[in-house]
$ cat model.pdb   # PDB, C-alpha atoms, pLDDT in the B column
ATOM      1  CA  MET E   1     101.365  43.679 181.810  1.00 75.00           C
ATOM      2  CA  THR E   2      98.731  40.963 181.448  1.00 83.00           C
ATOM      3  CA  LYS E   3      96.382  41.449 178.513  1.00 92.00           C
ATOM      4  CA  VAL E   4      92.820  40.193 178.348  1.00 94.00           C
ATOM      5  CA  ILE E   5      91.982  39.770 174.671  1.00 95.00           C
ATOM      6  CA  SER E   6      88.593  38.830 173.305  1.00 94.00           C
ATOM      7  CA  TYR E   7      88.157  37.333 169.850  1.00 93.00           C
ATOM      8  CA  ILE E   8      84.651  37.567 168.401  1.00 91.00           C
ATOM      9  CA  ARG E   9      83.536  36.478 164.939  1.00 88.00           C
ATOM     10  CA  VAL E  10      80.333  36.247 162.939  1.00 83.00           C
ATOM     11  CA  SER E  11      79.908  34.544 159.591  1.00 76.00           C
ATOM     12  CA  THR E  12      77.566  37.086 157.978  1.00 65.00           C
ATOM     13  CA  SER E  13      76.416  40.665 158.360  1.00 56.00           C
ATOM     14  CA  PHE E  14      73.031  39.339 159.535  1.00 53.00           C
ATOM     15  CA  GLN E  15      74.641  38.124 162.754  1.00 59.00           C
ATOM     16  CA  ASP E  16      75.557  40.520 165.543  1.00 74.00           C
ATOM     17  CA  LEU E  17      79.036  41.063 166.928  1.00 81.00           C
ATOM     18  CA  GLU E  18      77.522  43.155 169.705  1.00 84.00           C
ATOM     19  CA  ASN E  19      75.745  40.137 171.229  1.00 86.00           C
ATOM     20  CA  GLN E  20      79.060  38.329 171.663  1.00 88.00           C
ATOM     21  CA  ARG E  21      80.659  41.499 173.022  1.00 90.00           C
ATOM     22  CA  LEU E  22      77.915  41.907 175.659  1.00 91.00           C
ATOM     23  CA  GLU E  23      78.056  38.235 176.620  1.00 91.00           C
ATOM     24  CA  ILE E  24      81.822  38.352 177.087  1.00 93.00           C
ATOM     25  CA  SER E  25      81.741  41.691 178.927  1.00 93.00           C
ATOM     26  CA  LYS E  26      79.207  40.305 181.412  1.00 93.00           C
ATOM     27  CA  TYR E  27      81.276  37.147 181.910  1.00 93.00           C
ATOM     28  CA  THR E  28      84.575  38.965 182.464  1.00 94.00           C
ATOM     29  CA  ALA E  29      82.973  41.448 184.855  1.00 93.00           C
ATOM     30  CA  ASN E  30      81.593  38.565 186.934  1.00 94.00           C
ATOM     31  CA  ILE E  31      85.056  37.033 187.348  1.00 92.00           C
ATOM     32  CA  GLY E  32      86.847  40.340 187.936  1.00 93.00           C
ATOM     33  CA  LEU E  33      88.480  40.807 184.533  1.00 92.00           C
ATOM     34  CA  GLU E  34      88.327  43.622 181.998  1.00 92.00           C
ATOM     35  CA  VAL E  35      88.937  43.088 178.286  1.00 94.00           C
ATOM     36  CA  THR E  36      91.852  45.242 177.140  1.00 93.00           C
ATOM     37  CA  ASP E  37      91.618  44.481 173.427  1.00 93.00           C
ATOM     38  CA  TRP E  38      88.890  43.240 171.086  1.00 93.00           C
ATOM     39  CA  ILE E  39      89.494  41.467 167.802  1.00 92.00           C
ATOM     40  CA  GLU E  40      86.309  41.497 165.722  1.00 89.00           C
ATOM     41  CA  VAL E  41      85.886  39.603 162.459  1.00 88.00           C
ATOM     42  CA  GLU E  42      82.984  39.275 160.008  1.00 84.00           C
ATOM     43  CA  MET E  43      83.998  36.222 158.015  1.00 79.00           C
ATOM     44  CA  SER E  44      83.015  32.632 157.369  1.00 76.00           C
ATOM     45  CA  SER E  45      84.795  29.930 159.352  1.00 71.00           C
ATOM     46  CA  ARG E  46      85.666  28.363 155.985  1.00 73.00           C
ATOM     47  CA  GLN E  47      88.304  31.068 155.492  1.00 80.00           C
ATOM     48  CA  THR E  48      91.914  30.451 156.487  1.00 81.00           C
ATOM     49  CA  THR E  49      93.176  31.166 159.998  1.00 80.00           C
ATOM     50  CA  ASP E  50      95.163  34.040 158.500  1.00 85.00           C
ATOM     51  CA  ASN E  51      92.078  35.649 156.957  1.00 85.00           C
ATOM     52  CA  ARG E  52      90.113  35.100 160.171  1.00 86.00           C
ATOM     53  CA  ARG E  53      92.948  36.872 162.028  1.00 89.00           C
ATOM     54  CA  ILE E  54      93.616  33.804 164.176  1.00 90.00           C
ATOM     55  CA  ASP E  55      97.323  33.877 163.263  1.00 90.00           C
ATOM     56  CA  GLU E  56      97.479  37.563 164.209  1.00 90.00           C
ATOM     57  CA  LEU E  57      95.693  36.786 167.475  1.00 92.00           C
ATOM     58  CA  LEU E  58      98.075  33.991 168.462  1.00 92.00           C
ATOM     59  CA  ASP E  59     101.132  36.101 167.602  1.00 92.00           C
ATOM     60  CA  SER E  60      99.897  38.926 169.851  1.00 91.00           C
ATOM     61  CA  LEU E  61      99.488  36.713 172.925  1.00 92.00           C
ATOM     62  CA  HIS E  62     102.255  36.201 175.493  1.00 92.00           C
ATOM     63  CA  ARG E  63     102.753  34.239 178.695  1.00 91.00           C
ATOM     64  CA  GLY E  64     100.225  35.230 181.342  1.00 92.00           C
ATOM     65  CA  ASP E  65      97.752  36.752 178.875  1.00 94.00           C
ATOM     66  CA  ILE E  66      94.092  35.703 178.837  1.00 94.00           C
ATOM     67  CA  LEU E  67      92.004  34.940 175.753  1.00 94.00           C
ATOM     68  CA  VAL E  68      88.190  34.999 176.012  1.00 95.00           C
ATOM     69  CA  VAL E  69      85.784  33.688 173.352  1.00 92.00           C
ATOM     70  CA  SER E  70      82.029  33.162 173.487  1.00 89.00           C
ATOM     71  CA  GLU E  71      82.273  29.572 172.214  1.00 85.00           C
ATOM     72  CA  LEU E  72      84.785  27.254 170.564  1.00 81.00           C
ATOM     73  CA  SER E  73      83.119  27.522 167.153  1.00 80.00           C
ATOM     74  CA  ARG E  74      84.015  31.241 167.019  1.00 84.00           C
ATOM     75  CA  LEU E  75      87.690  30.317 167.353  1.00 83.00           C
ATOM     76  CA  ALA E  76      88.017  27.120 165.302  1.00 79.00           C
ATOM     77  CA  ARG E  77      85.987  25.142 162.784  1.00 74.00           C
ATOM     78  CA  SER E  78      87.508  21.658 163.045  1.00 74.00           C
ATOM     79  CA  MET E  79      89.064  19.291 165.537  1.00 73.00           C
ATOM     80  CA  ARG E  80      92.475  19.857 163.985  1.00 77.00           C
ATOM     81  CA  GLU E  81      92.168  23.618 164.391  1.00 81.00           C
ATOM     82  CA  ILE E  82      90.972  23.264 167.978  1.00 80.00           C
ATOM     83  CA  HIS E  83      93.926  21.010 168.766  1.00 78.00           C
ATOM     84  CA  ASN E  84      96.461  23.303 167.074  1.00 83.00           C
ATOM     85  CA  ILE E  85      95.146  26.483 168.672  1.00 85.00           C
ATOM     86  CA  THR E  86      94.839  25.093 172.206  1.00 82.00           C
ATOM     87  CA  HIS E  87      98.307  23.514 171.875  1.00 83.00           C
ATOM     88  CA  THR E  88      99.765  26.886 170.860  1.00 88.00           C
ATOM     89  CA  LEU E  89      98.021  28.643 173.753  1.00 86.00           C
ATOM     90  CA  GLU E  90      99.297  26.021 176.186  1.00 85.00           C
ATOM     91  CA  ARG E  91     102.855  26.321 174.852  1.00 87.00           C
ATOM     92  CA  LYS E  92     102.758  30.111 175.163  1.00 90.00           C
ATOM     93  CA  GLY E  93     101.289  30.006 178.687  1.00 88.00           C
ATOM     94  CA  VAL E  94      98.030  31.737 177.727  1.00 90.00           C
ATOM     95  CA  CYS E  95      94.799  31.060 179.627  1.00 90.00           C
ATOM     96  CA  LEU E  96      91.696  30.413 177.504  1.00 90.00           C
ATOM     97  CA  HIS E  97      88.133  31.117 178.697  1.00 92.00           C
ATOM     98  CA  VAL E  98      85.215  29.742 176.644  1.00 88.00           C
ATOM     99  CA  VAL E  99      82.063  31.419 177.961  1.00 89.00           C
ATOM    100  CA  LYS E 100      79.147  29.301 176.734  1.00 84.00           C
ATOM    101  CA  GLN E 101      80.815  25.947 177.417  1.00 77.00           C
ATOM    102  CA  GLY E 102      82.154  27.109 180.797  1.00 80.00           C
ATOM    103  CA  ILE E 103      85.708  26.000 179.919  1.00 81.00           C
ATOM    104  CA  VAL E 104      88.876  27.488 181.381  1.00 84.00           C
ATOM    105  CA  VAL E 105      92.194  26.186 180.045  1.00 81.00           C
ATOM    106  CA  ASP E 106      95.026  27.552 182.176  1.00 77.00           C
ATOM    107  CA  GLY E 107      97.909  25.558 180.717  1.00 62.00           C
ATOM    108  CA  ASN E 108      98.057  22.941 183.500  1.00 60.00           C
ATOM    109  CA  LYS E 109      97.486  20.097 181.008  1.00 56.00           C
ATOM    110  CA  ASP E 110      94.265  19.073 182.732  1.00 56.00           C
ATOM    111  CA  ILE E 111      93.161  15.855 180.975  1.00 49.00           C
ATOM    112  CA  ALA E 112      89.485  16.310 181.881  1.00 49.00           C
ATOM    113  CA  THR E 113      89.430  19.788 180.321  1.00 54.00           C
ATOM    114  CA  LYS E 114      91.113  18.502 177.167  1.00 58.00           C
ATOM    115  CA  ILE E 115      88.520  15.747 176.857  1.00 52.00           C
ATOM    116  CA  LEU E 116      85.746  18.328 177.313  1.00 51.00           C
ATOM    117  CA  ILE E 117      87.190  20.571 174.610  1.00 57.00           C
ATOM    118  CA  ASN E 118      87.532  17.658 172.214  1.00 57.00           C
ATOM    119  CA  SER E 119      83.940  16.594 172.906  1.00 56.00           C
ATOM    120  CA  PHE E 120      82.577  20.056 172.096  1.00 52.00           C
ATOM    121  CA  GLY E 121      84.804  20.184 169.031  1.00 51.00           C
ATOM    122  CA  VAL E 122      83.485  16.868 167.731  1.00 51.00           C
ATOM    123  CA  CYS E 123      79.869  17.966 168.313  1.00 52.00           C
ATOM    124  CA  ALA E 124      80.396  21.290 166.528  1.00 55.00           C
ATOM    125  CA  GLU E 125      82.096  19.646 163.564  1.00 56.00           C
ATOM    126  CA  LEU E 126      79.389  16.973 163.307  1.00 50.00           C
ATOM    127  CA  GLU E 127      76.628  19.595 163.521  1.00 53.00           C
ATOM    128  CA  ARG E 128      78.171  21.617 160.663  1.00 54.00           C
ATOM    129  CA  GLU E 129      78.410  18.491 158.522  1.00 56.00           C
ATOM    130  CA  LEU E 130      74.791  17.500 159.212  1.00 52.00           C
ATOM    131  CA  ILE E 131      73.527  20.999 158.429  1.00 52.00           C
ATOM    132  CA  SER E 132      75.528  21.022 155.189  1.00 58.00           C
ATOM    133  CA  GLN E 133      74.079  17.648 154.181  1.00 62.00           C
ATOM    134  CA  ARG E 134      70.505  18.751 154.954  1.00 59.00           C
ATOM    135  CA  VAL E 135      70.923  21.922 152.917  1.00 59.00           C
ATOM    136  CA  LYS E 136      72.329  20.014 149.935  1.00 64.00           C
ATOM    137  CA  MET E 137      69.561  17.415 150.096  1.00 66.00           C
ATOM    138  CA  GLY E 138      66.903  20.119 150.339  1.00 64.00           C
ATOM    139  CA  MET E 139      68.286  21.993 147.335  1.00 65.00           C
ATOM    140  CA  ALA E 140      68.508  18.810 145.271  1.00 66.00           C
ATOM    141  CA  LEU E 141      64.903  17.903 146.137  1.00 65.00           C
ATOM    142  CA  ALA E 142      63.693  21.411 145.280  1.00 64.00           C
ATOM    143  CA  LYS E 143      65.428  21.250 141.894  1.00 66.00           C
ATOM    144  CA  GLN E 144      63.795  17.897 141.173  1.00 66.00           C
ATOM    145  CA  ARG E 145      60.399  19.467 141.863  1.00 64.00           C
ATOM    146  CA  GLY E 146      61.194  22.407 139.600  1.00 62.00           C
ATOM    147  CA  ARG E 147      61.272  25.010 142.344  1.00 58.00           C
ATOM    148  CA  GLN E 148      63.381  28.140 142.160  1.00 54.00           C
ATOM    149  CA  ILE E 149      66.349  28.038 144.538  1.00 53.00           C
ATOM    150  CA  GLY E 150      66.902  31.121 146.625  1.00 55.00           C
ATOM    151  CA  ASN E 151      64.973  34.323 147.162  1.00 56.00           C
ATOM    152  CA  PRO E 152      64.355  36.146 143.858  1.00 55.00           C
ATOM    153  CA  LYS E 153      64.279  39.446 145.761  1.00 53.00           C
ATOM    154  CA  ILE E 154      67.590  38.924 147.589  1.00 50.00           C
ATOM    155  CA  GLY E 155      69.568  40.933 145.036  1.00 53.00           C
ATOM    156  CA  THR E 156      67.317  43.965 145.494  1.00 55.00           C
ATOM    157  CA  TYR E 157      67.433  43.518 149.279  1.00 45.00           C
ATOM    158  CA  ASN E 158      71.238  43.355 149.355  1.00 56.00           C
ATOM    159  CA  THR E 159      71.527  46.446 147.151  1.00 63.00           C
ATOM    160  CA  HIS E 160      69.184  48.354 149.469  1.00 58.00           C
ATOM    161  CA  GLN E 161      71.163  47.233 152.519  1.00 63.00           C
ATOM    162  CA  LYS E 162      74.453  48.369 150.962  1.00 67.00           C
ATOM    163  CA  GLU E 163      72.987  51.756 150.052  1.00 67.00           C
ATOM    164  CA  GLU E 164      71.714  52.267 153.596  1.00 68.00           C
ATOM    165  CA  ALA E 165      75.084  51.288 155.084  1.00 66.00           C
ATOM    166  CA  THR E 166      76.909  53.690 152.764  1.00 69.00           C
ATOM    167  CA  ASN E 167      74.531  56.525 153.661  1.00 68.00           C
ATOM    168  CA  ARG E 168      75.117  55.895 157.376  1.00 71.00           C
ATOM    169  CA  ALA E 169      78.873  55.902 156.804  1.00 71.00           C
ATOM    170  CA  GLU E 170      78.879  59.190 154.853  1.00 74.00           C
ATOM    171  CA  LYS E 171      78.500  61.322 157.989  1.00 71.00           C
ATOM    172  CA  TYR E 172      81.951  60.135 159.127  1.00 73.00           C
ATOM    173  CA  ARG E 173      83.768  60.987 155.870  1.00 75.00           C
ATOM    174  CA  GLY E 174      85.012  64.398 156.994  1.00 72.00           C
ATOM    175  CA  ILE E 175      86.410  63.357 160.367  1.00 74.00           C
ATOM    176  CA  PHE E 176      87.930  60.140 158.979  1.00 74.00           C
ATOM    177  CA  THR E 177      89.671  62.084 156.206  1.00 74.00           C
ATOM    178  CA  VAL E 178      91.176  64.453 158.776  1.00 73.00           C
ATOM    179  CA  PHE E 179      92.391  61.539 160.893  1.00 75.00           C
ATOM    180  CA  MET E 180      93.872  59.806 157.867  1.00 74.00           C
ATOM    181  CA  ASP E 181      95.685  62.967 156.755  1.00 73.00           C
ATOM    182  CA  SER E 182      97.172  63.277 160.244  1.00 75.00           C
ATOM    183  CA  GLY E 183      98.644  59.771 159.898  1.00 78.00           C
ATOM    184  CA  LYS E 184      96.595  58.077 162.619  1.00 81.00           C
ATOM    185  CA  THR E 185      96.084  54.312 162.520  1.00 84.00           C
ATOM    186  CA  THR E 186      92.638  52.721 162.654  1.00 84.00           C
ATOM    187  CA  ARG E 187      93.260  51.797 166.285  1.00 86.00           C
ATOM    188  CA  GLN E 188      94.166  55.400 167.154  1.00 84.00           C
ATOM    189  CA  ILE E 189      91.122  56.681 165.280  1.00 83.00           C
ATOM    190  CA  ALA E 190      88.887  54.311 167.267  1.00 84.00           C
ATOM    191  CA  GLU E 191      90.396  55.592 170.524  1.00 85.00           C
ATOM    192  CA  GLU E 192      89.874  59.227 169.483  1.00 80.00           C
ATOM    193  CA  LEU E 193      86.237  58.592 168.526  1.00 80.00           C
ATOM    194  CA  ASN E 194      85.503  56.750 171.780  1.00 81.00           C
ATOM    195  CA  THR E 195      87.174  59.493 173.830  1.00 79.00           C
ATOM    196  CA  ALA E 196      85.027  62.082 172.047  1.00 72.00           C
ATOM    197  CA  GLN E 197      81.975  59.848 172.666  1.00 74.00           C
ATOM    198  CA  VAL E 198      81.243  59.604 168.943  1.00 76.00           C
ATOM    199  CA  ARG E 199      79.152  56.482 168.393  1.00 78.00           C
ATOM    200  CA  THR E 200      79.259  53.950 165.569  1.00 80.00           C
ATOM    201  CA  PRO E 201      76.414  53.893 163.009  1.00 73.00           C
ATOM    202  CA  LYS E 202      74.713  51.315 165.274  1.00 74.00           C
ATOM    203  CA  GLY E 203      75.256  53.399 168.409  1.00 73.00           C
ATOM    204  CA  GLY E 204      78.108  51.399 169.957  1.00 78.00           C
ATOM    205  CA  ARG E 205      81.782  51.984 170.723  1.00 84.00           C
ATOM    206  CA  TRP E 206      84.396  51.922 167.981  1.00 83.00           C
ATOM    207  CA  SER E 207      86.972  49.217 167.373  1.00 87.00           C
ATOM    208  CA  HIS E 208      89.754  49.468 164.801  1.00 82.00           C
ATOM    209  CA  THR E 209      87.916  46.817 162.756  1.00 85.00           C
ATOM    210  CA  GLN E 210      84.791  48.974 162.611  1.00 82.00           C
ATOM    211  CA  VAL E 211      86.846  52.023 161.628  1.00 83.00           C
ATOM    212  CA  HIS E 212      88.467  50.051 158.805  1.00 84.00           C
ATOM    213  CA  ARG E 213      85.058  48.738 157.656  1.00 82.00           C
ATOM    214  CA  VAL E 214      83.599  52.252 157.386  1.00 82.00           C
ATOM    215  CA  MET E 215      86.701  53.529 155.587  1.00 81.00           C
ATOM    216  CA  VAL E 216      86.465  50.729 153.041  1.00 83.00           C
ATOM    217  CA  ARG E 217      82.797  51.517 152.465  1.00 78.00           C
ATOM    218  CA  LEU E 218      83.678  55.171 151.903  1.00 76.00           C
ATOM    219  CA  GLY E 219      86.587  54.335 149.631  1.00 78.00           C
ATOM    220  CA  ILE E 220      89.107  55.948 151.977  1.00 75.00           C
ATOM    221  CA  ASN E 221      92.510  54.293 152.065  1.00 65.00           C
ATOM    222  CA  LYS E 222      93.408  52.618 155.346  1.00 55.00           C
ATOM    223  CA  PRO E 223      96.052  54.628 157.268  1.00 48.00           C
ATOM    224  CA  ARG E 224      99.354  52.857 157.921  1.00 44.00           C
TER     225      ARG E 224
END
$ encode --input "model.pdb" --output "structure tokens"
Amino acid sequence: MTKVISYIRVSTSFQDLENQRLEISKYTANIGLEVTDWIEVEMSSRQTTDNRRIDELLDSLHRGDILVVSELSRLARSMREIHNITHTLERKGVCLHVVKQGIVVDGNKDIATKILINSFGVCAELERELISQRVKMGMALAKQRGRQIGNPKIGTYNTHQKEEATNRAEKYRGIFTVFMDSGKTTRQIAEELNTAQVRTPKGGRWSHTQVHRVMVRLGINKPR
């Protein structure tokens, strides 16, 4: 059976996974597809492909499957990564859809598509480098002028945010404990919650990643 898998990633908690989910859902609906599995990651692109669950993603894909991402930068952070990932997808016979860039790689070794992917990859890599340089130059200039770097209130803000998140998670402690005691996996728990129309703290549908995130916040061990 053909799977349609979507990989979405944000670098920080201030970004929104739901925006990518909605963008991809609209795109797939327009072309007559339905995402069968979502892989959601909150992690910097500087982390390894293993930590970003890219290795897990590639291992789960088989010939005829379809991978959908909002943009190339969600999937890879460098030209080498883009080349390695697209080569693996091509070898495995997996079709890649990149929503924002309007790219579809179906494994036919289309030279024009490869050039387009490389062009976007170069632009993304160059943009990251320029942003990094501007940030470093700005910090160095601020230090020279004797200005404090960073927001002095950020520690208090982060503590408040964590407390609020923990309070929102507390209402799920009872049901999560029951599920864990029954031996259900995070994926099964997500399915049970969605079937029962229990919403996430932000009012959306559950994924196994979100279940795991709430369990970690509550200090509940992840079910095997």
$ residues_around --input "model.pdb" --residues "region 25-41 of chain E" --least-positions-apart "5" --cutoff "8 Å" --atoms "only C-alpha atoms" --output "ChimeraX atom specification"
/E:3-10,17,52-53,57,99,207,209
$ atom_distance --input "model.pdb" --atom1 "CA of Val69 (chain E)" --atom2 "CA of Val104 (chain E)"
10.6 Å
$ closest_residue --input "model.pdb" --among "E:Thr195, E:Ser60, E:Ser78, E:Ser182" --to "Thr2 (chain E)" --atoms "only C-alpha atoms"
E:Ser60
$ residues_near_point --input "model.pdb" --point "(86.9, 56.6, 153.2)" --cutoff "12 Å" --atoms "only C-alpha atoms" --output "list in words"
Thr166, Ala169, Glu170, Lys171, Tyr172, Arg173, Gly174, Ile175, Phe176, Thr177, Val178, Phe179, Met180, Asp181, Thr186, Val211, His212, Arg213, Val214, Met215, Val216, Arg217, Leu218, Gly219, Ile220, Asn221, Lys222 and Pro223 of chain E
$ atom_distance --input "model.pdb" --atom1 "CA of Leu72 (chain E)" --atom2 "CA of Glu42 (chain E)"
16.1 Å
$ atom_distance --input "model.pdb" --atom1 "CA of Ser73 (chain E)" --atom2 "CA of Arg187 (chain E)"
26.3 Å
$ closest_residue --input "model.pdb" --among "E:Arg74, E:Arg63, E:His208, E:His97" --to "Gln20 (chain E)" --atoms "only C-alpha atoms"
E:Arg74
$ closest_residue --input "model.pdb" --among "E:Asp50, E:Asp65, E:Glu23, E:Asp55" --to "Gly93 (chain E)" --atoms "all atoms listed in the file"
E:Asp65
$ closest_residue --input "model.pdb" --among "E:Arg199, E:His62, E:Arg21, E:Lys184" --to "Cys95 (chain E)" --atoms "all atoms listed in the file"
E:His62
$ resolve_selection --input "model.pdb" --expression "the PyMOL selection byres ((chain E and resi 77) around 8)" --output "compact mmCIF listing (two decimals) with C-alpha atoms, in the coordinates of the input"
# COMPACT_ATOMS: atom_id res chain seq x y z
CA SER E 45 84.80 29.93 159.35
CA ARG E 46 85.67 28.36 155.99
CA SER E 73 83.12 27.52 167.15
CA ARG E 74 84.02 31.24 167.02
CA LEU E 75 87.69 30.32 167.35
CA ALA E 76 88.02 27.12 165.30
CA SER E 78 87.51 21.66 163.04
CA MET E 79 89.06 19.29 165.54
CA GLU E 81 92.17 23.62 164.39
CA ILE E 82 90.97 23.26 167.98
CA ALA E 124 80.40 21.29 166.53
CA GLU E 125 82.10 19.65 163.56
$ residues_near_point --input "model.pdb" --point "(100.3, 31.3, 178.3)" --cutoff "9 Å" --atoms "all atoms listed in the file" --output "PyMOL selection string"
chain E and resi 61-66+88-96+106-107
